[in-house]
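Student: What follows is the file entry_36.cif, containing mmCIF, C-alpha atoms and all ligand atoms:
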```
data_structure
#
loop_
_atom_site.group_PDB
_atom_site.id
_atom_site.type_symbol
_atom_site.label_atom_id
_atom_site.label_comp_id
_atom_site.auth_asym_id
_atom_site.auth_seq_id
_atom_site.Cartn_x
_atom_site.Cartn_y
_atom_site.Cartn_z
ATOM 1 C CA MET A 96 -29.998 -10.359 -4.349
ATOM 2 C CA ARG A 97 -27.548 -8.021 -6.114
ATOM 3 C CA VAL A 98 -23.919 -8.868 -5.398
ATOM 4 C CA ASP A 99 -20.576 -7.215 -6.244
ATOM 5 C CA LEU A 100 -17.642 -9.218 -4.904
ATOM 6 C CA HIS A 101 -14.811 -7.116 -6.315
ATOM 7 C CA MET A 102 -14.463 -3.481 -5.209
ATOM 8 C CA HIS A 103 -11.576 -1.148 -4.382
ATOM 9 C CA THR A 104 -11.378 1.841 -2.030
ATOM 10 C CA ALA A 105 -8.935 4.692 -1.496
ATOM 11 C CA CYS A 106 -7.045 2.357 0.865
ATOM 12 C CA SER A 107 -5.567 0.992 -2.380
ATOM 13 C CA ASP A 108 -6.171 2.535 -5.809
ATOM 14 C CA GLY A 109 -9.891 3.324 -5.631
ATOM 15 C CA ASP A 110 -11.403 6.793 -5.426
ATOM 16 C CA LEU A 111 -13.929 6.405 -2.589
ATOM 17 C CA THR A 112 -13.337 5.968 1.131
ATOM 18 C CA PRO A 113 -14.721 2.704 2.541
ATOM 19 C CA ALA A 114 -17.686 4.598 4.055
ATOM 20 C CA GLU A 115 -18.432 6.354 0.755
ATOM 21 C CA LEU A 116 -18.221 3.015 -1.067
ATOM 22 C CA VAL A 117 -20.802 1.474 1.260
ATOM 23 C CA GLN A 118 -23.105 4.501 1.052
ATOM 24 C CA GLN A 119 -22.995 4.470 -2.739
ATOM 25 C CA ALA A 120 -23.540 0.701 -2.770
ATOM 26 C CA ALA A 121 -26.684 1.204 -0.704
ATOM 27 C CA ALA A 122 -27.850 4.012 -3.004
ATOM 28 C CA SER A 123 -27.168 1.709 -5.990
ATOM 29 C CA GLU A 124 -29.350 -1.024 -4.413
ATOM 30 C CA LEU A 125 -26.559 -3.543 -3.985
ATOM 31 C CA ASP A 126 -27.288 -6.091 -1.242
ATOM 32 C CA LEU A 127 -23.874 -7.688 -0.700
ATOM 33 C CA ILE A 128 -20.436 -6.299 -1.528
ATOM 34 C CA SER A 129 -16.873 -7.247 -0.772
ATOM 35 C CA VAL A 130 -14.071 -4.761 -0.240
ATOM 36 C CA THR A 131 -11.096 -6.285 -2.077
ATOM 37 C CA ASP A 132 -8.259 -3.784 -1.938
ATOM 38 C CA HIS A 133 -4.831 -4.632 -3.345
ATOM 39 C CA ASP A 134 -2.546 -5.992 -0.605
ATOM 40 C CA THR A 135 -4.342 -4.266 2.270
ATOM 41 C CA THR A 136 -7.329 -4.999 4.493
ATOM 42 C CA ASP A 137 -7.375 -1.466 5.956
ATOM 43 C CA GLY A 138 -10.755 -0.721 4.352
ATOM 44 C CA VAL A 139 -12.600 -3.763 5.679
ATOM 45 C CA ARG A 140 -13.487 -2.634 9.190
ATOM 46 C CA PRO A 141 -14.433 0.964 8.235
ATOM 47 C CA ALA A 142 -16.682 -0.481 5.505
ATOM 48 C CA GLN A 143 -18.290 -2.887 7.956
ATOM 49 C CA ALA A 144 -18.861 -0.052 10.416
ATOM 50 C CA ALA A 145 -20.534 2.059 7.709
ATOM 51 C CA ALA A 146 -22.650 -0.918 6.637
ATOM 52 C CA ALA A 147 -24.205 -1.172 10.071
ATOM 53 C CA ASP A 148 -26.218 1.989 9.268
ATOM 54 C CA VAL A 149 -27.453 1.003 5.809
ATOM 55 C CA GLY A 150 -28.906 -2.094 4.164
ATOM 56 C CA VAL A 151 -25.709 -3.456 2.655
ATOM 57 C CA ARG A 152 -23.744 -6.483 3.811
ATOM 58 C CA VAL A 153 -19.954 -6.293 3.600
ATOM 59 C CA LEU A 154 -17.906 -9.455 3.195
ATOM 60 C CA PRO A 155 -14.261 -8.953 4.261
ATOM 61 C CA GLY A 156 -11.946 -9.328 1.307
ATOM 62 C CA VAL A 157 -8.527 -8.648 -0.155
ATOM 63 C CA GLU A 158 -6.856 -8.932 -3.569
ATOM 64 C CA LEU A 159 -3.304 -10.172 -3.187
ATOM 65 C CA SER A 160 -0.725 -9.385 -5.864
ATOM 66 C CA SER A 161 1.665 -12.044 -7.031
ATOM 67 C CA THR A 162 4.043 -12.509 -9.920
ATOM 68 C CA HIS A 163 4.298 -15.483 -12.260
ATOM 69 C CA GLN A 164 6.769 -15.549 -15.169
ATOM 70 C CA GLY A 165 6.976 -11.766 -15.141
ATOM 71 C CA ARG A 166 3.244 -11.103 -15.176
ATOM 72 C CA GLU A 167 0.911 -10.031 -12.412
ATOM 73 C CA ILE A 168 -1.545 -12.621 -11.069
ATOM 74 C CA HIS A 169 -4.219 -11.515 -8.569
ATOM 75 C CA ILE A 170 -5.753 -13.774 -5.934
ATOM 76 C CA LEU A 171 -8.905 -12.676 -4.128
ATOM 77 C CA GLY A 172 -9.398 -13.712 -0.512
ATOM 78 C CA TYR A 173 -12.939 -13.775 0.887
ATOM 79 C CA GLY A 174 -13.848 -13.954 4.541
ATOM 80 C CA VAL A 175 -10.250 -13.375 5.581
ATOM 81 C CA ASP A 176 -9.463 -12.271 9.122
ATOM 82 C CA PRO A 177 -7.851 -8.826 8.628
ATOM 83 C CA GLY A 178 -6.035 -9.199 11.929
ATOM 84 C CA HIS A 179 -4.396 -12.549 11.141
ATOM 85 C CA GLU A 180 -0.649 -12.429 11.652
ATOM 86 C CA ASN A 181 0.254 -13.794 8.210
ATOM 87 C CA MET A 182 -2.161 -11.471 6.393
ATOM 88 C CA ARG A 183 -0.755 -8.506 8.296
ATOM 89 C CA ALA A 184 2.779 -9.653 7.466
ATOM 90 C CA HIS A 185 1.925 -9.819 3.754
ATOM 91 C CA CYS A 186 0.367 -6.342 3.811
ATOM 92 C CA THR A 187 3.229 -4.793 5.775
ATOM 93 C CA SER A 188 5.922 -6.187 3.502
ATOM 94 C CA ALA A 189 3.810 -5.350 0.422
ATOM 95 C CA ARG A 190 3.747 -1.707 1.438
ATOM 96 C CA ARG A 191 7.528 -1.557 1.650
ATOM 97 C CA LEU A 192 8.247 -3.639 -1.471
ATOM 98 C CA ARG A 193 5.739 -1.634 -3.511
ATOM 99 C CA LEU A 194 7.603 1.586 -2.680
ATOM 100 C CA GLY A 195 10.890 0.123 -3.942
ATOM 101 C CA ARG A 196 9.177 -1.265 -7.031
ATOM 102 C CA MET A 197 7.618 2.137 -7.779
ATOM 103 C CA GLU A 198 11.030 3.791 -7.412
ATOM 104 C CA ALA A 199 12.362 1.308 -9.967
ATOM 105 C CA MET A 200 9.545 2.154 -12.399
ATOM 106 C CA VAL A 201 10.108 5.894 -11.912
ATOM 107 C CA GLU A 202 13.808 5.335 -12.625
ATOM 108 C CA ARG A 203 13.041 3.395 -15.808
ATOM 109 C CA LEU A 204 10.778 6.175 -17.017
ATOM 110 C CA GLY A 205 13.526 8.719 -16.280
ATOM 111 C CA GLU A 206 16.017 6.698 -18.345
ATOM 112 C CA GLN A 207 13.546 6.983 -21.211
ATOM 113 C CA GLY A 208 13.323 10.755 -20.893
ATOM 114 C CA LEU A 209 10.053 10.747 -18.974
ATOM 115 C CA GLU A 210 10.854 12.589 -15.743
ATOM 116 C CA VAL A 211 8.387 11.978 -12.940
ATOM 117 C CA GLU A 212 8.977 12.449 -9.223
ATOM 118 C CA MET A 213 8.168 9.822 -6.623
ATOM 119 C CA ALA A 214 6.401 12.626 -4.684
ATOM 120 C CA GLU A 215 3.938 13.094 -7.559
ATOM 121 C CA VAL A 216 3.053 9.393 -7.517
ATOM 122 C CA LEU A 217 2.629 9.392 -3.737
ATOM 123 C CA ALA A 218 0.415 12.487 -3.978
ATOM 124 C CA GLU A 219 -1.826 10.591 -6.417
ATOM 125 C CA ALA A 220 -2.050 7.697 -3.935
ATOM 126 C CA GLY A 221 -3.093 10.091 -1.166
ATOM 127 C CA SER A 222 -2.515 9.829 2.553
ATOM 128 C CA GLY A 223 -5.229 7.187 3.057
ATOM 129 C CA ALA A 224 -3.637 4.632 0.746
ATOM 130 C CA ALA A 225 -1.754 1.670 2.175
ATOM 131 C CA MET A 226 -0.399 0.779 -1.254
ATOM 132 C CA VAL A 227 1.169 2.635 -4.126
ATOM 133 C CA GLY A 228 0.534 1.123 -7.528
ATOM 134 C CA ARG A 229 0.532 1.579 -11.255
ATOM 135 C CA PRO A 230 -2.804 3.444 -11.417
ATOM 136 C CA HIS A 231 -1.252 6.185 -9.263
ATOM 137 C CA LEU A 232 1.777 6.307 -11.548
ATOM 138 C CA ALA A 233 -0.520 6.389 -14.588
ATOM 139 C CA ARG A 234 -2.303 9.444 -13.200
ATOM 140 C CA ALA A 235 1.036 11.183 -12.578
ATOM 141 C CA LEU A 236 2.034 10.464 -16.198
ATOM 142 C CA VAL A 237 -1.250 11.936 -17.450
ATOM 143 C CA GLY A 238 -0.647 14.953 -15.180
ATOM 144 C CA ARG A 239 2.752 15.468 -16.778
ATOM 145 C CA GLY A 240 1.184 15.298 -20.233
ATOM 146 C CA TYR A 241 3.311 12.327 -21.346
ATOM 147 C CA VAL A 242 0.154 10.363 -22.178
ATOM 148 C CA ASP A 243 -3.431 11.453 -22.762
ATOM 149 C CA SER A 244 -5.154 8.781 -20.690
ATOM 150 C CA ILE A 245 -4.655 6.063 -18.093
ATOM 151 C CA PRO A 246 -5.282 3.266 -20.636
ATOM 152 C CA GLU A 247 -2.644 4.838 -22.877
ATOM 153 C CA ALA A 248 -0.158 4.838 -19.971
ATOM 154 C CA PHE A 249 -0.699 1.090 -19.533
ATOM 155 C CA ASP A 250 -0.766 0.273 -23.253
ATOM 156 C CA THR A 251 2.434 2.140 -24.080
ATOM 157 C CA LEU A 252 4.548 2.264 -20.891
ATOM 158 C CA ILE A 253 3.563 0.460 -17.703
ATOM 159 C CA GLY A 254 1.267 -2.442 -18.614
ATOM 160 C CA ASP A 255 2.621 -5.964 -17.933
ATOM 161 C CA GLY A 256 5.687 -6.478 -20.145
ATOM 162 C CA HIS A 257 5.863 -2.881 -21.392
ATOM 163 C CA ARG A 258 9.075 -0.855 -21.339
ATOM 164 C CA ALA A 259 8.676 0.807 -17.929
ATOM 165 C CA PHE A 260 6.959 -2.139 -16.201
ATOM 166 C CA VAL A 261 8.500 -3.688 -13.104
ATOM 167 C CA PRO A 262 6.671 -6.635 -11.480
ATOM 168 C CA THR A 263 5.562 -6.392 -7.846
ATOM 169 C CA LEU A 264 7.409 -9.592 -6.790
ATOM 170 C CA LEU A 265 5.445 -9.716 -3.516
ATOM 171 C CA ALA A 266 4.746 -13.434 -3.661
ATOM 172 C CA THR A 267 4.225 -16.348 -6.010
ATOM 173 C CA PRO A 268 0.570 -17.095 -6.843
ATOM 174 C CA ALA A 269 0.700 -20.254 -4.703
ATOM 175 C CA GLU A 270 2.061 -18.251 -1.762
ATOM 176 C CA ALA A 271 -0.797 -15.769 -2.108
ATOM 177 C CA VAL A 272 -3.310 -18.651 -2.013
ATOM 178 C CA THR A 273 -1.591 -20.040 1.075
ATOM 179 C CA THR A 274 -1.605 -16.689 2.906
ATOM 180 C CA ILE A 275 -5.346 -16.329 2.297
ATOM 181 C CA ARG A 276 -6.071 -19.836 3.542
ATOM 182 C CA GLU A 277 -3.947 -19.304 6.639
ATOM 183 C CA ALA A 278 -5.972 -16.155 7.364
ATOM 184 C CA GLY A 279 -9.180 -18.190 7.197
ATOM 185 C CA GLY A 280 -10.208 -16.989 3.751
ATOM 186 C CA VAL A 281 -11.510 -18.569 0.551
ATOM 187 C CA PRO A 282 -8.908 -18.027 -2.231
ATOM 188 C CA VAL A 283 -10.300 -17.191 -5.684
ATOM 189 C CA TRP A 284 -8.266 -16.492 -8.811
ATOM 190 C CA ALA A 285 -9.198 -12.982 -10.000
ATOM 191 C CA HIS A 286 -9.698 -12.361 -13.733
ATOM 192 C CA PRO A 287 -7.640 -15.438 -14.716
ATOM 193 C CA PRO A 288 -5.719 -14.885 -17.973
ATOM 194 C CA MET A 289 -6.857 -17.732 -20.255
ATOM 195 C CA GLU A 290 -3.331 -18.327 -21.545
ATOM 196 C CA ALA A 291 -2.017 -18.817 -17.984
ATOM 197 C CA LEU A 292 -4.902 -20.993 -16.790
ATOM 198 C CA ASP A 293 -3.654 -24.481 -17.611
ATOM 199 C CA GLY A 294 -0.062 -23.798 -16.627
ATOM 200 C CA LEU A 295 -0.859 -22.382 -13.213
ATOM 201 C CA LEU A 296 -3.983 -24.239 -12.075
ATOM 202 C CA PRO A 297 -2.273 -27.437 -10.816
ATOM 203 C CA GLU A 298 -0.028 -25.634 -8.341
ATOM 204 C CA LEU A 299 -2.803 -23.292 -7.228
ATOM 205 C CA LEU A 300 -5.130 -26.233 -6.612
ATOM 206 C CA ASP A 301 -2.356 -27.905 -4.605
ATOM 207 C CA ALA A 302 -2.056 -24.724 -2.518
ATOM 208 C CA GLY A 303 -5.797 -24.742 -1.840
ATOM 209 C CA LEU A 304 -7.418 -22.541 -4.480
ATOM 210 C CA ARG A 305 -11.223 -22.712 -4.082
ATOM 211 C CA GLY A 306 -12.629 -20.608 -6.894
ATOM 212 C CA LEU A 307 -12.400 -18.728 -10.177
ATOM 213 C CA GLU A 308 -13.713 -15.242 -10.885
ATOM 214 C CA ALA A 309 -16.044 -15.815 -13.839
ATOM 215 C CA TYR A 310 -18.392 -12.830 -13.939
ATOM 216 C CA ARG A 311 -16.873 -9.501 -14.863
ATOM 217 C CA PRO A 312 -18.021 -6.559 -16.981
ATOM 218 C CA GLY A 313 -16.980 -6.530 -20.599
ATOM 219 C CA TRP A 314 -15.866 -10.138 -20.845
ATOM 220 C CA PRO A 315 -16.739 -12.078 -23.992
ATOM 221 C CA ALA A 316 -19.424 -14.696 -23.331
ATOM 222 C CA ARG A 317 -16.975 -17.365 -24.480
ATOM 223 C CA ARG A 318 -14.454 -16.560 -21.751
ATOM 224 C CA GLN A 319 -17.183 -16.655 -19.108
ATOM 225 C CA ARG A 320 -18.419 -20.013 -20.416
ATOM 226 C CA GLN A 321 -14.909 -21.456 -20.391
ATOM 227 C CA LEU A 322 -14.321 -20.363 -16.792
ATOM 228 C CA LEU A 323 -17.710 -21.676 -15.631
ATOM 229 C CA GLY A 324 -16.979 -25.000 -17.335
ATOM 230 C CA ARG A 325 -13.510 -25.234 -15.866
ATOM 231 C CA ALA A 326 -14.757 -24.407 -12.375
ATOM 232 C CA GLN A 327 -17.492 -27.030 -12.629
ATOM 233 C CA SER A 328 -15.131 -29.774 -13.784
ATOM 234 C CA LEU A 329 -12.638 -28.978 -10.998
ATOM 235 C CA GLY A 330 -15.215 -28.584 -8.225
ATOM 236 C CA LEU A 331 -14.377 -24.896 -7.768
ATOM 237 C CA VAL A 332 -16.869 -22.160 -6.907
ATOM 238 C CA VAL A 333 -17.308 -19.101 -9.123
ATOM 239 C CA THR A 334 -17.464 -15.447 -8.120
ATOM 240 C CA GLY A 335 -17.930 -12.149 -9.877
ATOM 241 C CA GLY A 336 -17.770 -8.425 -9.500
ATOM 242 C CA SER A 337 -17.240 -5.122 -11.217
ATOM 243 C CA ASP A 338 -13.643 -4.407 -10.052
ATOM 244 C CA PHE A 339 -15.040 -0.994 -9.120
ATOM 245 C CA HIS A 340 -12.364 1.665 -8.640
ATOM 246 C CA GLY A 341 -14.424 4.869 -8.782
ATOM 247 C CA PRO A 342 -17.600 6.449 -10.129
ATOM 248 C CA GLY A 343 -16.020 7.342 -13.486
ATOM 249 C CA ARG A 344 -14.133 4.068 -13.880
ATOM 250 C CA ASN A 345 -15.109 0.483 -14.810
ATOM 251 C CA GLY A 346 -18.607 1.687 -15.763
ATOM 252 C CA GLY A 347 -19.621 3.084 -12.368
ATOM 253 C CA MET A 348 -21.284 1.721 -9.260
ATOM 254 C CA GLY A 349 -24.203 -0.676 -9.503
ATOM 255 C CA VAL A 350 -24.143 -0.903 -13.316
ATOM 256 C CA PHE A 351 -22.714 -4.414 -13.162
ATOM 257 C CA TRP A 352 -23.732 -6.845 -10.447
ATOM 258 C CA VAL A 353 -24.164 -10.607 -10.119
ATOM 259 C CA ARG A 354 -27.405 -12.333 -9.209
ATOM 260 C CA GLY A 355 -27.055 -14.090 -5.850
ATOM 261 C CA SER A 356 -28.518 -17.313 -7.245
ATOM 262 C CA LEU A 357 -25.471 -17.661 -9.552
ATOM 263 C CA LEU A 358 -23.169 -17.561 -6.512
ATOM 264 C CA ARG A 359 -24.894 -20.160 -4.369
ATOM 265 C CA ALA A 360 -21.873 -22.465 -3.955
ATOM 266 C CA PHE A 361 -19.620 -19.524 -3.105
ATOM 267 C CA LEU A 362 -22.051 -18.091 -0.562
ATOM 268 C CA GLU A 363 -22.212 -21.480 1.130
ATOM 269 C CA GLU A 364 -18.425 -21.720 1.123
ATOM 270 C CA VAL A 365 -18.047 -18.395 2.966
ATOM 271 C CA GLY A 366 -20.897 -19.202 5.312
ATOM 272 C CA LEU A 367 -23.398 -16.677 3.966
ATOM 273 C CA VAL A 368 -26.800 -18.265 3.656
ATOM 274 C CA GLN A 369 -28.621 -17.001 0.620
ATOM 275 C CA GLU A 370 -31.855 -15.151 1.299
HETATM 276 P P1 LIG B 1 -0.121 -2.841 -9.578
HETATM 277 O O1 LIG B 1 -0.693 -3.753 -8.521
HETATM 278 O O2 LIG B 1 0.586 -1.667 -9.001
HETATM 279 O O3 LIG B 1 0.705 -3.592 -10.569
HETATM 280 O O4 LIG B 1 -1.373 -2.228 -10.361
HETATM 281 C C1 LIG B 1 -2.364 -3.113 -10.838
HETATM 282 C C2 LIG B 1 -3.633 -2.349 -11.090
HETATM 283 O O5 LIG B 1 -3.472 -1.512 -12.224
HETATM 284 C C3 LIG B 1 -4.815 -3.231 -11.448
HETATM 285 O O6 LIG B 1 -5.466 -3.709 -10.349
HETATM 286 C C4 LIG B 1 -5.698 -2.268 -12.195
HETATM 287 O O7 LIG B 1 -6.398 -1.454 -11.277
HETATM 288 C C5 LIG B 1 -4.702 -1.431 -12.932
HETATM 289 N N1 LIG B 1 -4.453 -1.910 -14.307
HETATM 290 C C6 LIG B 1 -3.747 -2.993 -14.716
HETATM 291 N N2 LIG B 1 -3.702 -3.078 -16.066
HETATM 292 C C7 LIG B 1 -4.414 -2.019 -16.528
HETATM 293 C C8 LIG B 1 -4.742 -1.528 -17.834
HETATM 294 N N3 LIG B 1 -4.310 -2.167 -18.937
HETATM 295 N N4 LIG B 1 -5.495 -0.416 -17.925
HETATM 296 C C9 LIG B 1 -5.914 0.241 -16.819
HETATM 297 N N5 LIG B 1 -5.637 -0.172 -15.554
HETATM 298 C C10 LIG B 1 -4.896 -1.280 -15.400
HETATM 299 ZN ZN ZN B 2 -6.715 -1.664 -8.795
HETATM 300 FE FE FE B 3 -7.022 -7.396 -10.178
HETATM 301 FE FE FE B 4 -9.229 -5.515 -8.559
#
```
Before anything else, please render the file you have as structure tokens.
Tutor:
Amino acid sequence: MRVDLHMHTACSDGDLTPAELVQQAAASELDLISVTDHDTTDGVRPAQAAAADVGVRVLPGVELSSTHQGREIHILGYGVDPGHENMRAHCTSARRLRLGRMEAMVERLGEQGLEVEMAEVLAEAGSGAAMVGRPHLARALVGRGYVDSIPEAFDTLIGDGHRAFVPTLLATPAEAVTTIREAGGVPVWAHPPMEALDGLLPELLDAGLRGLEAYRPGWPARRQRQLLGRAQSLGLVVTGGSDFHGPGRNGGMGVFWVRGSLLRAFLEEVGLVQE
């Protein structure tokens, strides 16, 4: 079984609609995927509807943004109920707070002589997006010719801690874990930064964290081993995925996937029996 538990659609900062994502997943011979958009579950039901026609299973998911000591921490939620009141409240307030945060980043860039209009950023997000985020801003900066590439935009201007970065401040990591649990989901720490692991784990475990994302393209084997070891010693499940954002990004669809047998404990936890 080929599994990808970390994928974005145009409902957040991905390039494909939920239906296109599912169709391409089927064409790429993936068996199980999860739609994990940033701070929105808008893509879940359209993806599930599209999956009914093809041989792909879609696990409802979300990737909640939170801020810890000025850096962004992402918590994945699997099997969440998209209609749960608290999940909807997070997504609704995220939409509003993200607009204000983007205005603050645009203002910072302007103070540094890099004029960019909010309208350009919103145009990059598109009408289908429920969130506006740094990848949209990065594309606007490339469009203006201030930087040559999206990685350069992050590395020189808008990456965590850089001169035009403003944190999302949507929640603390523990609050994100709690929201996911309240919505019936399994909270998993996405791409945990190794230097933040020990400091943050105790409070996340207290809040009900259930897993660590351990499989991800391009990670050194050592980091994967450390996360697998840590998960095992803490009784946490492990997950993995490509963090797919579009055909030309993160290596493309179906290039990276995780063998279902490596995810046995997770699949049991979300109630998916392994075939
Ligand atoms: P935001 O939630 O608006 O802060 O944007 C976070 C998103 O920006 C992440 O999910 C990635 O898709 C993207 N991102 C973060 N850091 C980088 C980076 N260094 N290079 C390219 N994309 C990045
Ligand atoms: Zn993203
Ligand atoms: Fe993330
Ligand atoms: Fe992601």
Student: Pull out every residue that the PyMOL selection byres (((not hetatm)) within 7 of (chain B and resi 1)) matches in the shown coordinates and put them as a tab-separated table (two decimals) with C-alpha atoms, keeping the file's coordinate frame.
Tutor:
```tsv
chain	number	residue	atom	x	y	z
A	108	ASP	CA	-6.17	2.54	-5.81
A	133	HIS	CA	-4.83	-4.63	-3.34
A	160	SER	CA	-0.72	-9.38	-5.86
A	167	GLU	CA	0.91	-10.03	-12.41
A	227	VAL	CA	1.17	2.64	-4.13
A	228	GLY	CA	0.53	1.12	-7.53
A	229	ARG	CA	0.53	1.58	-11.26
A	230	PRO	CA	-2.80	3.44	-11.42
A	245	ILE	CA	-4.66	6.06	-18.09
A	246	PRO	CA	-5.28	3.27	-20.64
A	249	PHE	CA	-0.70	1.09	-19.53
A	250	ASP	CA	-0.77	0.27	-23.25
A	254	GLY	CA	1.27	-2.44	-18.61
A	262	PRO	CA	6.67	-6.64	-11.48
A	263	THR	CA	5.56	-6.39	-7.85
```
Student: Around ligand FE 3 (chain B), which protein and nucleic acid residues have at least one atom no more than 10 Å from it, if we count only C-alpha atoms and all ligand atoms? List them as a ChimeraX atom specification.
Tutor: /A:101-103,131-133,158-160,167-171,284-287,338
Student: Could you expand the PyMOL selection byres (((chain A and resi 342) around 10) and not hetatm) into the explicit residues it covers here, written as a PyMOL selection string?
Tutor: chain A and resi 109-111+116+119+339-341+343-349
Student: Could you check which of A:Val151, A:Val242, A:Gln164, A:Gly172 is closest to ligand FE 4 (chain B), using only C-alpha atoms and all ligand atoms?
Tutor: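 Selected residue with least distance to ligand FE 4 (chain B): A:Gly172.
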Student: Each residue of range 170-197 of chain A with at least one atom at most 12 Å from range 211-219 of chain A should appear once, together with its nearest atom pair and the corresponding distance in Å (one decimal); atoms considered: only C-alpha atoms; ordering: chain, then increasing residue number; output as JSON lines.
Tutor:
```
{"residue": "A:Arg193", "atom": "CA", "partner": "A:Leu217", "partner_atom": "CA", "distance": 11.5}
{"residue": "A:Leu194", "atom": "CA", "partner": "A:Met213", "partner_atom": "CA", "distance": 9.1}
{"residue": "A:Gly195", "atom": "CA", "partner": "A:Met213", "partner_atom": "CA", "distance": 10.4}
{"residue": "A:Arg196", "atom": "CA", "partner": "A:Met213", "partner_atom": "CA", "distance": 11.1}
{"residue": "A:Met197", "atom": "CA", "partner": "A:Met213", "partner_atom": "CA", "distance": 7.8}
```
Student: To verify the selection step, state as a PyMOL selection string which residues the PyMOL selection byres (((chain A and resi 268-282) around 6) and not hetatm) yields on this input.
Tutor: chain A and resi 161+171-176+179+266-267+283+299+302+304-305
Student: May I ask for the distance between CA of Thr251 in chain A and CA of Leu209 in chain A, given in Å to one decimal place?
Tutor: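 We find that CA of Thr251 in chain A and CA of Leu209 in chain A lie 12.6 Å from each other.
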Student: I'd like the interatomic distance between CA of Asp148 in chain A and CA of Thr112 in chain A, to a tenth of an Å.
Tutor: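 Interatomic distance here is 15.7 Å.
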Student: Return the padded bounding box of range 338-356 of chain A as AutoDock Vina command-line options: axis-aligned, built from all atoms listed in the file, 8 Å added on each side, with centre and edge lengths in Å to one decimal.
Tutor:
```
--center_x -20.4 --center_y -5.0 --center_z -10.8 --size_x 32.2 --size_y 40.7 --size_z 25.9
```
Student: Report the distance between CA of Ala259 in chain A and CA of Ala189 in chain A in Å, rounded to one decimal place.
Tutor: 20.0 Å
Student: Give me the residues near Pro113 in chain A as a VMD selection string, where near means some atom within 9 Å (using only C-alpha atoms) and where sequence neighbours in that chain fewer than 6 positions away do not count.
Tutor: chain A and resid 103 to 106 130 138 to 143 145
Student: Would you kindly return, as a list in words, each protein, DNA or RNA residue with an atom no farther than 12 Å from any atom of Arg152 in chain A, considering only C-alpha atoms and excluding same-chain residues fewer than 6 positions away?
Tutor: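 Using only C-alpha atoms, the neighbours found are Met96, Arg97, Val98, Asp99, Leu100, Val117, Gln118, Ala120, Ala121, Glu124, Leu125, Asp126, Leu127, Ile128, Ser129, Val130, Val139, Ala142, Gln143, Ala144, Ala145, Ala146 and Leu367 of chain A.
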Student: Given the choices A:Val157, A:Gly178, A:Gly256, A:Arg183, which gets closest to ligand ZN 2 (chain B) if the distance is worked out from all atoms listed in the file?
Tutor: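 Ranking A:Val157, A:Gly178, A:Gly256, A:Arg183 by distance to ligand ZN 2 (chain B), first place goes to A:Val157.
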